[in-house]
Amino acid sequence: MSRYFTDEHEWVEVEGDTATVGITDYAQEQLGDIVFVEVPEVGTELEQGDDAAVVESVKAASDVYAAVSGEVIEVNEALEDEPGLVNSSAEEDGWFFRLTLSDKEELEELMDEKAYKAFVDGL
Amino acid sequence: MSETAENLKQLPLGGWHRGLGARMVPFAGYEMPVQYEGVMAEHIWTRSEAGLFDVSHMGQLQLTGEGAAGALEKITPGNLSALAPGKIRYTLLLAPDGGILDDLMITNTGHHLYLVVNGATKHEDIAYMQAQLPDSLSLNHLEDAALLALQGPKAGAALAQLVPDAAKLYFMEAGPFEWNGIPLGISRSGYTGEDGFEISIPAAHAVTLANALTDLEEVRPIGLGARDSLRLEAGLPLYGHDMNPDILPVEANLSFALSKARREEGDFAGAEQVLAQYPDKAAKLRVGLFVDGRQPIREGAAVVDDSGATIGTVTSGGFSPTLQRPIAMAYVPMELSRTGTAITVEQRGKKIACTVADMPFVPHHYHRKPKP
């Protein structure tokens, strides 16, 4: 099991062919109080870079792009009633959706935890 | 001009905000605090305690000279000639075609008129006023003054600890005061729907006053994020979003700013176009919307009819921390403007059900003078 990060502040946890996607703690901190998360429908085929989800804070809406391509197989239903999970547990309970990876080579473009931390420290 | 870090101007309290850990953003050409601890917490604090806002980006102007009120009436629909010393009026700066160039507060200080205009429009406002007003009047931009707003149910009790006499003002009254030898112009007014004050102070003393106020247990600094969500709940329009030069006062639902005497005289800029819509002949109207579900709708989303055709626009939208639900302001066709009417908004291809709601969404709590 390994975790990847993007420069759009998403995390991708890979286990076999399945990836779980969310936004990082840094991202939730920047967005502030999250009041709604629009997740993709199960069955959606996402291409890397597609609009995958929308995070709404009190003030603004932010797009979440698909970090990797694949078919959405599960979404985090808990976010519907408790969007604040993204604030309180961005990198665990506040996950957005799971997909079946269609191109594992895309993972090679992503950062590992150490590289992402260095990226954030440089912002 | 893009608002890059290089060309952003600094306000007198810029360093003070950063010292408190504020997140700074570009706004109206300045670097300003959008939040400290978080929009939600700051919003709720202001509704229950007292919040201190730095609004020094706004334009503070002095109009001096004989006949200033009458001259200003040519470009605003407010009854300024009847404005008694110590009183404040909300009015609109109108273009020759009646379009709204800005909304502003005008105080009769007894010596001159003191105007507070929006930060993003202040330079255009000054140029327009200079062109429209007679040369016998002098318009002075108070660039060395900061402006602080203290807002919330405990604002009166908080300010009374520093300037006891200021707490005797009623809503829409103003006066000159002094605190530790520092001259203050204090108005009982604001942009949150709560009781509160706006305090004009020489820039050199702004940090001292901000510290003295936030040293009080009931006062916390509040950023622009909560300022926006508070004014949205209060049903107060934001210039450049809910009003612009293509919008006339009646359709903006600001008919209260057209005083009776001025309507009868009909001699202000754009009076013909403005009064043609009065009182209920506008084709569209700014209304409040309750949004079904939890997802906010945002500025720019389209109001659509059953066939999907665009019939209006959302001009402000967000999540109401007080009501814990999304709310918005939108322009809708007059025939759909009645409270309770079902409205459909389309956002990112998704249709969202809304209902026309009375504004304010959250009741105002102004400190009004008791009726005799």
# chains A, B, ... in the order shown; residues from 1 in each chain; ligands from 1
$ residues_around --residues "Lys87 (chain B)" --least-positions-apart "5" --cutoff "12 Å" --atoms "only C-alpha atoms" --output "number ranges by chain"
B: 79-82, 105-110, 113-114, 169-175, 186-189, 369
$ residues_around --residues "Val250 (chain B)" --least-positions-apart "4" --cutoff "10 Å" --atoms "only C-alpha atoms" --output "list of chain:residue names"
B:Leu254, B:Ser255, B:Phe256, B:Ala257, B:Leu258, B:Val274, B:Leu275, B:Ala276, B:Gln277, B:Tyr278, B:Pro279, B:Asp280, B:Lys281, B:Ala282, B:Ala283, B:Lys284, B:Leu285, B:Arg286
$ write_last_selection --atoms "N, CA and C atoms" --output "mmCIF file, in the first residue's frame"
data_model
loop_
_atom_site.group_PDB
_atom_site.id
_atom_site.type_symbol
_atom_site.label_atom_id
_atom_site.label_comp_id
_atom_site.auth_asym_id
_atom_site.auth_seq_id
_atom_site.Cartn_x
_atom_site.Cartn_y
_atom_site.Cartn_z
ATOM 1 N N LEU B 254 -33.764 48.559 -4.017
ATOM 2 C CA LEU B 254 -33.263 49.622 -3.147
ATOM 3 C C LEU B 254 -34.149 50.865 -3.237
ATOM 4 N N SER B 255 -35.435 50.640 -3.481
ATOM 5 C CA SER B 255 -36.361 51.772 -3.612
ATOM 6 C C SER B 255 -36.401 52.629 -2.357
ATOM 7 N N PHE B 256 -36.087 52.020 -1.200
ATOM 8 C CA PHE B 256 -36.097 52.808 0.045
ATOM 9 C C PHE B 256 -35.085 53.953 -0.020
ATOM 10 N N ALA B 257 -34.100 53.834 -0.903
ATOM 11 C CA ALA B 257 -33.081 54.888 -1.019
ATOM 12 C C ALA B 257 -33.564 56.053 -1.900
ATOM 13 N N LEU B 258 -34.738 55.895 -2.523
ATOM 14 C CA LEU B 258 -35.311 56.986 -3.319
ATOM 15 C C LEU B 258 -36.262 57.758 -2.405
ATOM 16 N N VAL B 274 -34.902 55.892 -13.790
ATOM 17 C CA VAL B 274 -35.095 55.290 -12.463
ATOM 18 C C VAL B 274 -36.578 55.280 -12.096
ATOM 19 N N LEU B 275 -37.239 56.442 -12.283
ATOM 20 C CA LEU B 275 -38.631 56.558 -11.833
ATOM 21 C C LEU B 275 -39.587 55.799 -12.747
ATOM 22 N N ALA B 276 -39.149 55.514 -13.975
ATOM 23 C CA ALA B 276 -39.983 54.713 -14.874
ATOM 24 C C ALA B 276 -40.195 53.303 -14.311
ATOM 25 N N GLN B 277 -39.261 52.859 -13.450
ATOM 26 C CA GLN B 277 -39.403 51.531 -12.832
ATOM 27 C C GLN B 277 -40.156 51.582 -11.508
ATOM 28 N N TYR B 278 -40.325 52.785 -10.971
ATOM 29 C CA TYR B 278 -40.892 52.920 -9.631
ATOM 30 C C TYR B 278 -42.413 52.860 -9.649
ATOM 31 N N PRO B 279 -43.121 52.233 -8.710
ATOM 32 C CA PRO B 279 -42.529 51.417 -7.647
ATOM 33 C C PRO B 279 -42.367 49.946 -8.031
ATOM 34 N N ASP B 280 -43.121 49.478 -9.058
ATOM 35 C CA ASP B 280 -43.108 48.025 -9.314
ATOM 36 C C ASP B 280 -43.113 47.708 -10.802
ATOM 37 N N LYS B 281 -42.475 48.596 -11.592
ATOM 38 C CA LYS B 281 -42.508 48.392 -13.039
ATOM 39 C C LYS B 281 -41.200 47.865 -13.610
ATOM 40 N N ALA B 282 -40.286 47.463 -12.754
ATOM 41 C CA ALA B 282 -39.041 46.877 -13.261
ATOM 42 C C ALA B 282 -39.335 45.490 -13.826
ATOM 43 N N ALA B 283 -38.554 45.066 -14.796
ATOM 44 C CA ALA B 283 -38.754 43.745 -15.401
ATOM 45 C C ALA B 283 -38.169 42.638 -14.527
ATOM 46 N N LYS B 284 -37.174 43.018 -13.730
ATOM 47 C CA LYS B 284 -36.535 42.018 -12.857
ATOM 48 C C LYS B 284 -36.346 42.634 -11.487
ATOM 49 N N LEU B 285 -36.022 41.788 -10.508
ATOM 50 C CA LEU B 285 -35.861 42.271 -9.141
ATOM 51 C C LEU B 285 -34.810 41.434 -8.414
ATOM 52 N N ARG B 286 -34.013 42.128 -7.576
ATOM 53 C CA ARG B 286 -33.073 41.399 -6.722
ATOM 54 C C ARG B 286 -33.861 40.804 -5.556
#
$ residues_around --residues "Glu73 (chain B)" --least-positions-apart "6" --cutoff "12 Å" --atoms "only C-alpha atoms" --output "number ranges by chain"
B: 67, 79-83, 91-94, 106, 129, 132-133, 258-259, 261-263, 265-271
$ select_by_dssp --residues "chain A" --states "helix (DSSP H, G or I)" --output "PyMOL selection string"
chain A and resi 25-31+78-81+85-88+104-109+113-121
$ interface_residues --of "chain B" --to "chain A" --cutoff "12 Å" --atoms "only C-alpha atoms" --output "short mmCIF file (atom, residue, chain, number, x, y, z; two decimals) with N, CA and C atoms, in the first residue's frame"
data_model
loop_
_atom_site.label_atom_id
_atom_site.label_comp_id
_atom_site.auth_asym_id
_atom_site.auth_seq_id
_atom_site.Cartn_x
_atom_site.Cartn_y
_atom_site.Cartn_z
N ALA B 22 -3.37 36.35 10.36
CA ALA B 22 -4.42 36.41 9.33
C ALA B 22 -3.91 35.87 8.00
N ARG B 23 -4.80 35.27 7.23
CA ARG B 23 -4.47 34.93 5.85
C ARG B 23 -4.80 36.15 4.99
N MET B 24 -3.79 36.66 4.30
CA MET B 24 -3.97 37.90 3.54
C MET B 24 -4.28 37.57 2.07
N VAL B 25 -5.18 38.34 1.49
CA VAL B 25 -5.54 38.16 0.07
C VAL B 25 -5.62 39.53 -0.60
N VAL B 34 -8.46 37.92 4.95
CA VAL B 34 -9.71 37.22 4.62
C VAL B 34 -10.21 36.43 5.82
N GLN B 35 -9.29 35.95 6.65
CA GLN B 35 -9.72 35.24 7.86
C GLN B 35 -8.57 35.13 8.85
N TYR B 36 -8.93 34.94 10.10
CA TYR B 36 -7.96 34.69 11.17
C TYR B 36 -8.11 33.24 11.60
N GLU B 37 -9.09 32.96 12.47
CA GLU B 37 -9.25 31.58 12.94
C GLU B 37 -10.14 30.76 12.01
N GLY B 38 -10.95 31.40 11.17
CA GLY B 38 -11.84 30.69 10.26
C GLY B 38 -13.14 31.45 10.09
N VAL B 39 -13.67 31.42 8.86
CA VAL B 39 -14.85 32.22 8.53
C VAL B 39 -16.04 31.87 9.43
N MET B 40 -16.26 30.57 9.62
CA MET B 40 -17.43 30.13 10.39
C MET B 40 -17.35 30.65 11.83
N ALA B 41 -16.22 30.44 12.48
CA ALA B 41 -16.06 30.85 13.88
C ALA B 41 -16.15 32.37 14.00
N GLU B 42 -15.56 33.08 13.05
CA GLU B 42 -15.57 34.55 13.12
C GLU B 42 -16.98 35.09 12.90
N HIS B 43 -17.71 34.45 11.99
CA HIS B 43 -19.09 34.85 11.71
C HIS B 43 -19.94 34.69 12.98
N GLY B 223 -12.25 38.74 9.60
CA GLY B 223 -11.75 38.96 8.24
C GLY B 223 -12.86 39.23 7.23
N LEU B 224 -12.43 39.46 6.00
CA LEU B 224 -13.37 39.77 4.91
C LEU B 224 -14.31 38.62 4.60
N GLY B 225 -13.87 37.39 4.85
CA GLY B 225 -14.72 36.23 4.56
C GLY B 225 -16.01 36.30 5.35
N ALA B 226 -15.89 36.53 6.66
CA ALA B 226 -17.08 36.61 7.50
C ALA B 226 -17.84 37.91 7.23
N ARG B 227 -17.14 38.96 6.84
CA ARG B 227 -17.84 40.21 6.49
C ARG B 227 -18.83 39.93 5.36
N ASP B 228 -18.40 39.10 4.40
CA ASP B 228 -19.27 38.78 3.26
C ASP B 228 -20.43 37.88 3.68
N SER B 229 -20.17 36.87 4.49
CA SER B 229 -21.27 35.98 4.88
C SER B 229 -22.25 36.69 5.82
N LEU B 230 -21.75 37.62 6.63
CA LEU B 230 -22.63 38.38 7.53
C LEU B 230 -23.55 39.32 6.75
N LEU B 232 -24.43 39.02 3.66
CA LEU B 232 -25.37 38.23 2.86
C LEU B 232 -26.57 37.82 3.72
N GLY B 293 -31.37 21.71 -0.05
CA GLY B 293 -30.19 20.87 0.14
C GLY B 293 -29.07 21.63 0.82
N ARG B 294 -27.86 21.12 0.67
CA ARG B 294 -26.72 21.65 1.42
C ARG B 294 -25.71 22.37 0.53
N GLN B 295 -25.85 22.21 -0.79
CA GLN B 295 -24.80 22.75 -1.68
C GLN B 295 -25.05 24.22 -1.99
N PRO B 296 -24.10 25.10 -1.67
CA PRO B 296 -24.29 26.52 -1.99
C PRO B 296 -24.33 26.76 -3.50
N ILE B 297 -25.09 27.79 -3.90
CA ILE B 297 -24.98 28.29 -5.26
C ILE B 297 -24.19 29.59 -5.20
N ARG B 298 -23.49 29.87 -6.30
CA ARG B 298 -22.52 30.98 -6.27
C ARG B 298 -22.86 32.03 -7.31
N GLU B 299 -22.23 33.18 -7.13
CA GLU B 299 -22.34 34.27 -8.09
C GLU B 299 -22.07 33.75 -9.50
N SER B 316 -24.93 36.77 -5.58
CA SER B 316 -24.17 36.45 -4.36
C SER B 316 -24.70 35.13 -3.86
N GLY B 317 -23.83 34.31 -3.34
CA GLY B 317 -24.32 33.06 -2.77
C GLY B 317 -23.29 32.46 -1.86
N GLY B 318 -23.78 31.81 -0.82
CA GLY B 318 -22.86 31.18 0.11
C GLY B 318 -23.63 30.36 1.11
N PHE B 319 -22.91 29.91 2.12
CA PHE B 319 -23.51 29.11 3.17
C PHE B 319 -23.76 30.01 4.36
N SER B 320 -24.97 29.98 4.90
CA SER B 320 -25.28 30.80 6.06
C SER B 320 -24.87 30.09 7.34
N PRO B 321 -23.86 30.58 8.04
CA PRO B 321 -23.46 29.93 9.29
C PRO B 321 -24.55 30.00 10.35
N THR B 322 -25.36 31.06 10.34
CA THR B 322 -26.42 31.19 11.35
C THR B 322 -27.54 30.20 11.09
N GLN B 324 -27.34 27.64 8.94
CA GLN B 324 -26.78 26.33 8.57
C GLN B 324 -27.41 25.80 7.29
N ARG B 325 -27.56 26.70 6.31
CA ARG B 325 -28.06 26.28 5.01
C ARG B 325 -27.60 27.29 3.98
N PRO B 326 -27.54 26.90 2.70
CA PRO B 326 -27.11 27.85 1.68
C PRO B 326 -28.19 28.90 1.38
N ILE B 327 -27.74 30.13 1.18
CA ILE B 327 -28.62 31.24 0.81
C ILE B 327 -27.97 32.01 -0.34
N ALA B 328 -28.76 32.82 -1.03
CA ALA B 328 -28.22 33.55 -2.18
C ALA B 328 -29.05 34.80 -2.45
N GLN B 347 -26.18 25.20 -12.03
CA GLN B 347 -24.79 25.42 -11.67
C GLN B 347 -23.98 24.20 -12.08
N ARG B 348 -22.96 24.41 -12.89
CA ARG B 348 -22.14 23.30 -13.41
C ARG B 348 -23.00 22.17 -13.95
N LYS B 350 -25.93 21.26 -13.22
CA LYS B 350 -26.85 20.63 -12.28
C LYS B 350 -27.97 21.62 -11.92
#
$ residues_around --residues "Thr44 (chain A)" --least-positions-apart "2" --cutoff "8 Å" --atoms "only C-alpha atoms" --output "ChimeraX atom specification"
/A:40-42,46,71-72
$ write_last_selection --atoms "all heavy atoms" --output "PDB file, in the first residue's frame"
ATOM      1  N   PRO A  40     -18.237  12.436  -7.320  1.00  0.00           N
ATOM      2  CA  PRO A  40     -18.739  11.893  -8.581  1.00  0.00           C
ATOM      3  C   PRO A  40     -19.676  10.707  -8.323  1.00  0.00           C
ATOM      4  O   PRO A  40     -19.654  10.123  -7.241  1.00  0.00           O
ATOM      5  CB  PRO A  40     -17.467  11.440  -9.299  1.00  0.00           C
ATOM      6  CG  PRO A  40     -16.482  11.193  -8.204  1.00  0.00           C
ATOM      7  CD  PRO A  40     -16.818  12.144  -7.092  1.00  0.00           C
ATOM      8  N   GLU A  41     -20.494  10.364  -9.314  1.00  0.00           N
ATOM      9  CA  GLU A  41     -21.376   9.207  -9.158  1.00  0.00           C
ATOM     10  C   GLU A  41     -20.585   7.927  -9.364  1.00  0.00           C
ATOM     11  O   GLU A  41     -19.649   7.881 -10.170  1.00  0.00           O
ATOM     12  CB  GLU A  41     -22.506   9.270 -10.193  1.00  0.00           C
ATOM     13  CG  GLU A  41     -23.597  10.242  -9.790  1.00  0.00           C
ATOM     14  CD  GLU A  41     -24.675  10.333 -10.848  1.00  0.00           C
ATOM     15  OE1 GLU A  41     -24.995   9.293 -11.465  1.00  0.00           O
ATOM     16  OE2 GLU A  41     -25.184  11.445 -11.055  1.00  0.00           O
ATOM     17  N   VAL A  42     -20.991   6.901  -8.656  1.00  0.00           N
ATOM     18  CA  VAL A  42     -20.379   5.582  -8.858  1.00  0.00           C
ATOM     19  C   VAL A  42     -20.600   5.178 -10.324  1.00  0.00           C
ATOM     20  O   VAL A  42     -21.699   5.356 -10.860  1.00  0.00           O
ATOM     21  CB  VAL A  42     -20.990   4.545  -7.890  1.00  0.00           C
ATOM     22  CG1 VAL A  42     -20.546   3.136  -8.262  1.00  0.00           C
ATOM     23  CG2 VAL A  42     -20.593   4.869  -6.450  1.00  0.00           C
ATOM     24  N   LEU A  46     -13.424   8.473 -15.072  1.00  0.00           N
ATOM     25  CA  LEU A  46     -12.656   9.715 -14.979  1.00  0.00           C
ATOM     26  C   LEU A  46     -11.355   9.590 -15.741  1.00  0.00           C
ATOM     27  O   LEU A  46     -10.660   8.579 -15.649  1.00  0.00           O
ATOM     28  CB  LEU A  46     -12.345  10.036 -13.510  1.00  0.00           C
ATOM     29  CG  LEU A  46     -13.524  10.431 -12.617  1.00  0.00           C
ATOM     30  CD1 LEU A  46     -13.059  10.520 -11.166  1.00  0.00           C
ATOM     31  CD2 LEU A  46     -14.139  11.748 -13.073  1.00  0.00           C
ATOM     32  N   GLU A  71     -12.384   4.136 -13.095  1.00  0.00           N
ATOM     33  CA  GLU A  71     -13.832   4.121 -12.885  1.00  0.00           C
ATOM     34  C   GLU A  71     -14.139   4.233 -11.399  1.00  0.00           C
ATOM     35  O   GLU A  71     -13.598   3.479 -10.578  1.00  0.00           O
ATOM     36  CB  GLU A  71     -14.437   2.821 -13.441  1.00  0.00           C
ATOM     37  CG  GLU A  71     -15.952   2.807 -13.314  1.00  0.00           C
ATOM     38  CD  GLU A  71     -16.563   1.467 -13.739  1.00  0.00           C
ATOM     39  OE1 GLU A  71     -15.876   0.682 -14.414  1.00  0.00           O
ATOM     40  OE2 GLU A  71     -17.737   1.237 -13.364  1.00  0.00           O
ATOM     41  N   VAL A  72     -15.023   5.184 -11.071  1.00  0.00           N
ATOM     42  CA  VAL A  72     -15.397   5.393  -9.672  1.00  0.00           C
ATOM     43  C   VAL A  72     -16.208   4.187  -9.196  1.00  0.00           C
ATOM     44  O   VAL A  72     -17.205   3.816  -9.827  1.00  0.00           O
ATOM     45  CB  VAL A  72     -16.222   6.692  -9.510  1.00  0.00           C
ATOM     46  CG1 VAL A  72     -16.676   6.866  -8.057  1.00  0.00           C
ATOM     47  CG2 VAL A  72     -15.405   7.900  -9.978  1.00  0.00           C
TER      48      VAL A  72
END
$ atom_distance --atom1 "CA of Asn180 (chain B)" --atom2 "CA of Ala212 (chain B)"
11.2 Å
$ atom_distance --atom1 "CA of Pro333 (chain B)" --atom2 "CA of His241 (chain B)"
17.9 Å
$ residues_around --residues "region 13-18 of chain A" --least-positions-apart "2" --cutoff "10 Å" --atoms "only C-alpha atoms" --output "PyMOL selection string"
chain A and resi 1-5+11+20-22+70-73+91+95+98-104+107
$ select_by_dssp --residues "region 68-203 of chain B" --states "strand (DSSP E)" --output "compact mmCIF listing (two decimals) with C-alpha atoms, in the first residue's frame"
# COMPACT_ATOMS: atom_id res chain seq x y z
CA ILE B 88 -26.28 59.46 8.40
CA ARG B 89 -28.03 58.40 5.20
CA TYR B 90 -27.47 55.44 2.90
CA THR B 91 -27.70 56.43 -0.74
CA LEU B 92 -26.59 55.58 -4.26
CA LEU B 93 -24.25 57.34 -6.65
CA LEU B 94 -26.08 57.37 -9.98
CA ILE B 100 -25.67 52.49 -9.94
CA LEU B 101 -22.03 53.64 -9.81
CA ASP B 102 -21.69 52.94 -6.10
CA ASP B 103 -23.55 52.78 -2.81
CA LEU B 104 -22.39 55.02 -0.02
CA MET B 105 -23.04 56.45 3.44
CA ILE B 106 -23.29 60.21 3.84
CA THR B 107 -23.01 61.94 7.22
CA ASN B 108 -23.81 65.56 7.87
CA LEU B 113 -20.56 66.06 4.36
CA TYR B 114 -18.53 62.95 5.19
CA LEU B 115 -18.87 60.18 2.62
CA VAL B 116 -17.81 56.54 2.85
CA VAL B 117 -17.62 54.83 -0.55
CA SER B 138 -14.00 70.95 -2.38
CA LEU B 139 -13.80 67.17 -2.29
CA ASN B 140 -11.09 65.89 0.00
CA HIS B 141 -9.99 62.23 0.03
CA ALA B 145 -7.46 57.90 7.87
CA ALA B 146 -8.09 54.27 8.77
CA LEU B 147 -11.61 52.89 9.19
CA LEU B 148 -12.50 50.21 11.73
CA ALA B 149 -15.90 48.59 12.14
CA LEU B 150 -16.91 47.15 15.51
CA GLN B 151 -19.99 44.97 15.04
CA ALA B 174 -22.56 59.97 14.08
CA GLY B 175 -20.33 62.37 15.94
CA PRO B 176 -16.78 63.50 16.73
CA PHE B 177 -15.20 61.91 19.79
CA GLU B 178 -11.81 61.72 21.42
CA TRP B 179 -9.94 58.79 22.91
CA ILE B 182 -6.90 60.94 19.45
CA PRO B 183 -9.77 62.35 17.37
CA LEU B 184 -12.31 59.73 16.25
CA GLY B 185 -15.27 60.06 13.90
CA ILE B 186 -17.75 57.46 15.08
CA SER B 187 -20.91 56.32 13.30
CA GLY B 196 -22.21 48.40 15.79
CA PHE B 197 -19.96 51.27 14.92
CA GLU B 198 -17.64 52.49 12.21
CA ILE B 199 -14.70 54.41 13.56
CA SER B 200 -12.56 56.76 11.49
CA ILE B 201 -9.13 57.35 13.03
CA PRO B 202 -5.85 58.91 11.87
$ closest_residue --among "B:Pro153, B:Pro134, B:Gly59, B:Gly288" --to "Gly340 (chain B)" --atoms "only C-alpha atoms"
B:Gly288
$ residues_around --residues "region 14-17 of chain B" --least-positions-apart "3" --cutoff "7 Å" --atoms "only C-alpha atoms" --output "CSV table (one decimal) with all heavy atoms, in the first residue's frame"
chain,number,residue,atom,x,y,z
B,10,GLN,N,-0.5,48.5,0.8
B,10,GLN,CA,-0.6,48.1,2.2
B,10,GLN,C,-1.5,49.1,2.9
B,10,GLN,O,-1.4,50.3,2.7
B,10,GLN,CB,0.8,48.1,2.8
B,10,GLN,CG,1.7,47.0,2.3
B,10,GLN,CD,1.2,45.6,2.5
B,10,GLN,OE1,0.7,45.3,3.6
B,10,GLN,NE2,1.3,44.7,1.5
B,11,LEU,N,-2.3,48.6,3.8
B,11,LEU,CA,-3.2,49.4,4.7
B,11,LEU,C,-2.5,49.6,6.0
B,11,LEU,O,-1.6,48.8,6.4
B,11,LEU,CB,-4.5,48.7,4.9
B,11,LEU,CG,-5.4,48.8,3.6
B,11,LEU,CD1,-6.6,47.9,3.7
B,11,LEU,CD2,-5.8,50.2,3.3
B,20,LEU,N,-1.3,38.8,13.7
B,20,LEU,CA,-2.3,37.9,14.4
B,20,LEU,C,-2.5,36.7,13.6
B,20,LEU,O,-3.5,35.9,13.9
B,20,LEU,CB,-3.6,38.7,14.5
B,20,LEU,CG,-3.6,39.9,15.5
B,20,LEU,CD1,-4.9,40.7,15.3
B,20,LEU,CD2,-3.4,39.4,16.9
B,21,GLY,N,-1.7,36.4,12.6
B,21,GLY,CA,-1.9,35.2,11.8
B,21,GLY,C,-2.9,35.2,10.8
B,21,GLY,O,-3.4,34.1,10.4
B,22,ALA,N,-3.4,36.4,10.4
B,22,ALA,CA,-4.4,36.4,9.3
B,22,ALA,C,-3.9,35.9,8.0
B,22,ALA,O,-2.7,36.0,7.7
B,22,ALA,CB,-4.9,37.8,9.1
B,32,MET,N,-5.4,42.4,2.1
B,32,MET,CA,-6.4,42.5,3.2
B,32,MET,C,-6.6,41.1,3.9
B,32,MET,O,-6.4,40.1,3.3
B,32,MET,CB,-7.7,43.0,2.8
B,32,MET,CG,-7.6,44.5,2.3
B,32,MET,SD,-9.1,45.3,2.1
B,32,MET,CE,-9.7,45.3,3.8
B,33,PRO,N,-7.0,41.1,5.2
B,33,PRO,CA,-7.2,39.8,5.9
B,33,PRO,C,-8.5,39.1,5.5
B,33,PRO,O,-9.6,39.7,5.6
B,33,PRO,CB,-7.2,40.2,7.3
B,33,PRO,CG,-7.7,41.6,7.3
B,33,PRO,CD,-7.3,42.2,6.0
B,207,VAL,N,-3.3,51.2,14.9
B,207,VAL,CA,-2.9,50.0,15.6
B,207,VAL,C,-3.2,50.1,17.1
B,207,VAL,O,-3.6,49.1,17.7
B,207,VAL,CB,-1.4,49.8,15.4
B,207,VAL,CG1,-0.8,48.7,16.3
B,207,VAL,CG2,-1.1,49.3,13.9
$ decode --residues "region 27-40 of chain A" --atoms "N, CA and C atoms" --output "PDB file, in the first residue's frame"
ATOM      1  N   ALA A  27      -4.601  21.314   2.064  1.00  0.00           N
ATOM      2  CA  ALA A  27      -5.699  21.836   1.242  1.00  0.00           C
ATOM      3  C   ALA A  27      -6.895  22.214   2.091  1.00  0.00           C
ATOM      4  N   GLN A  28      -7.288  21.345   3.035  1.00  0.00           N
ATOM      5  CA  GLN A  28      -8.463  21.681   3.868  1.00  0.00           C
ATOM      6  C   GLN A  28      -8.189  22.912   4.709  1.00  0.00           C
ATOM      7  N   GLU A  29      -6.948  23.054   5.157  1.00  0.00           N
ATOM      8  CA  GLU A  29      -6.565  24.221   5.957  1.00  0.00           C
ATOM      9  C   GLU A  29      -6.742  25.499   5.126  1.00  0.00           C
ATOM     10  N   GLN A  30      -6.331  25.415   3.849  1.00  0.00           N
ATOM     11  CA  GLN A  30      -6.449  26.576   2.957  1.00  0.00           C
ATOM     12  C   GLN A  30      -7.913  26.893   2.657  1.00  0.00           C
ATOM     13  N   LEU A  31      -8.733  25.844   2.495  1.00  0.00           N
ATOM     14  CA  LEU A  31     -10.131  26.064   2.115  1.00  0.00           C
ATOM     15  C   LEU A  31     -10.970  26.590   3.269  1.00  0.00           C
ATOM     16  N   GLY A  32     -10.606  26.213   4.476  1.00  0.00           N
ATOM     17  CA  GLY A  32     -11.403  26.635   5.632  1.00  0.00           C
ATOM     18  C   GLY A  32     -12.612  25.736   5.816  1.00  0.00           C
ATOM     19  N   ASP A  33     -13.634  26.269   6.506  1.00  0.00           N
ATOM     20  CA  ASP A  33     -14.796  25.454   6.888  1.00  0.00           C
ATOM     21  C   ASP A  33     -15.504  24.883   5.666  1.00  0.00           C
ATOM     22  N   ILE A  34     -15.478  23.577   5.536  1.00  0.00           N
ATOM     23  CA  ILE A  34     -16.101  22.938   4.371  1.00  0.00           C
ATOM     24  C   ILE A  34     -17.550  22.598   4.697  1.00  0.00           C
ATOM     25  N   VAL A  35     -18.453  23.060   3.834  1.00  0.00           N
ATOM     26  CA  VAL A  35     -19.885  22.912   4.110  1.00  0.00           C
ATOM     27  C   VAL A  35     -20.568  21.926   3.163  1.00  0.00           C
ATOM     28  N   PHE A  36     -19.875  21.532   2.099  1.00  0.00           N
ATOM     29  CA  PHE A  36     -20.480  20.587   1.151  1.00  0.00           C
ATOM     30  C   PHE A  36     -19.384  19.999   0.269  1.00  0.00           C
ATOM     31  N   VAL A  37     -19.527  18.711  -0.033  1.00  0.00           N
ATOM     32  CA  VAL A  37     -18.627  18.072  -0.987  1.00  0.00           C
ATOM     33  C   VAL A  37     -19.477  17.377  -2.046  1.00  0.00           C
ATOM     34  N   GLU A  38     -19.260  17.748  -3.287  1.00  0.00           N
ATOM     35  CA  GLU A  38     -19.957  17.081  -4.396  1.00  0.00           C
ATOM     36  C   GLU A  38     -19.014  16.027  -4.953  1.00  0.00           C
ATOM     37  N   VAL A  39     -19.372  14.752  -4.738  1.00  0.00           N
ATOM     38  CA  VAL A  39     -18.499  13.664  -5.198  1.00  0.00           C
ATOM     39  C   VAL A  39     -19.060  13.105  -6.508  1.00  0.00           C
ATOM     40  N   PRO A  40     -18.237  12.436  -7.320  1.00  0.00           N
ATOM     41  CA  PRO A  40     -18.739  11.893  -8.581  1.00  0.00           C
ATOM     42  C   PRO A  40     -19.676  10.707  -8.323  1.00  0.00           C
TER      43      PRO A  40
END
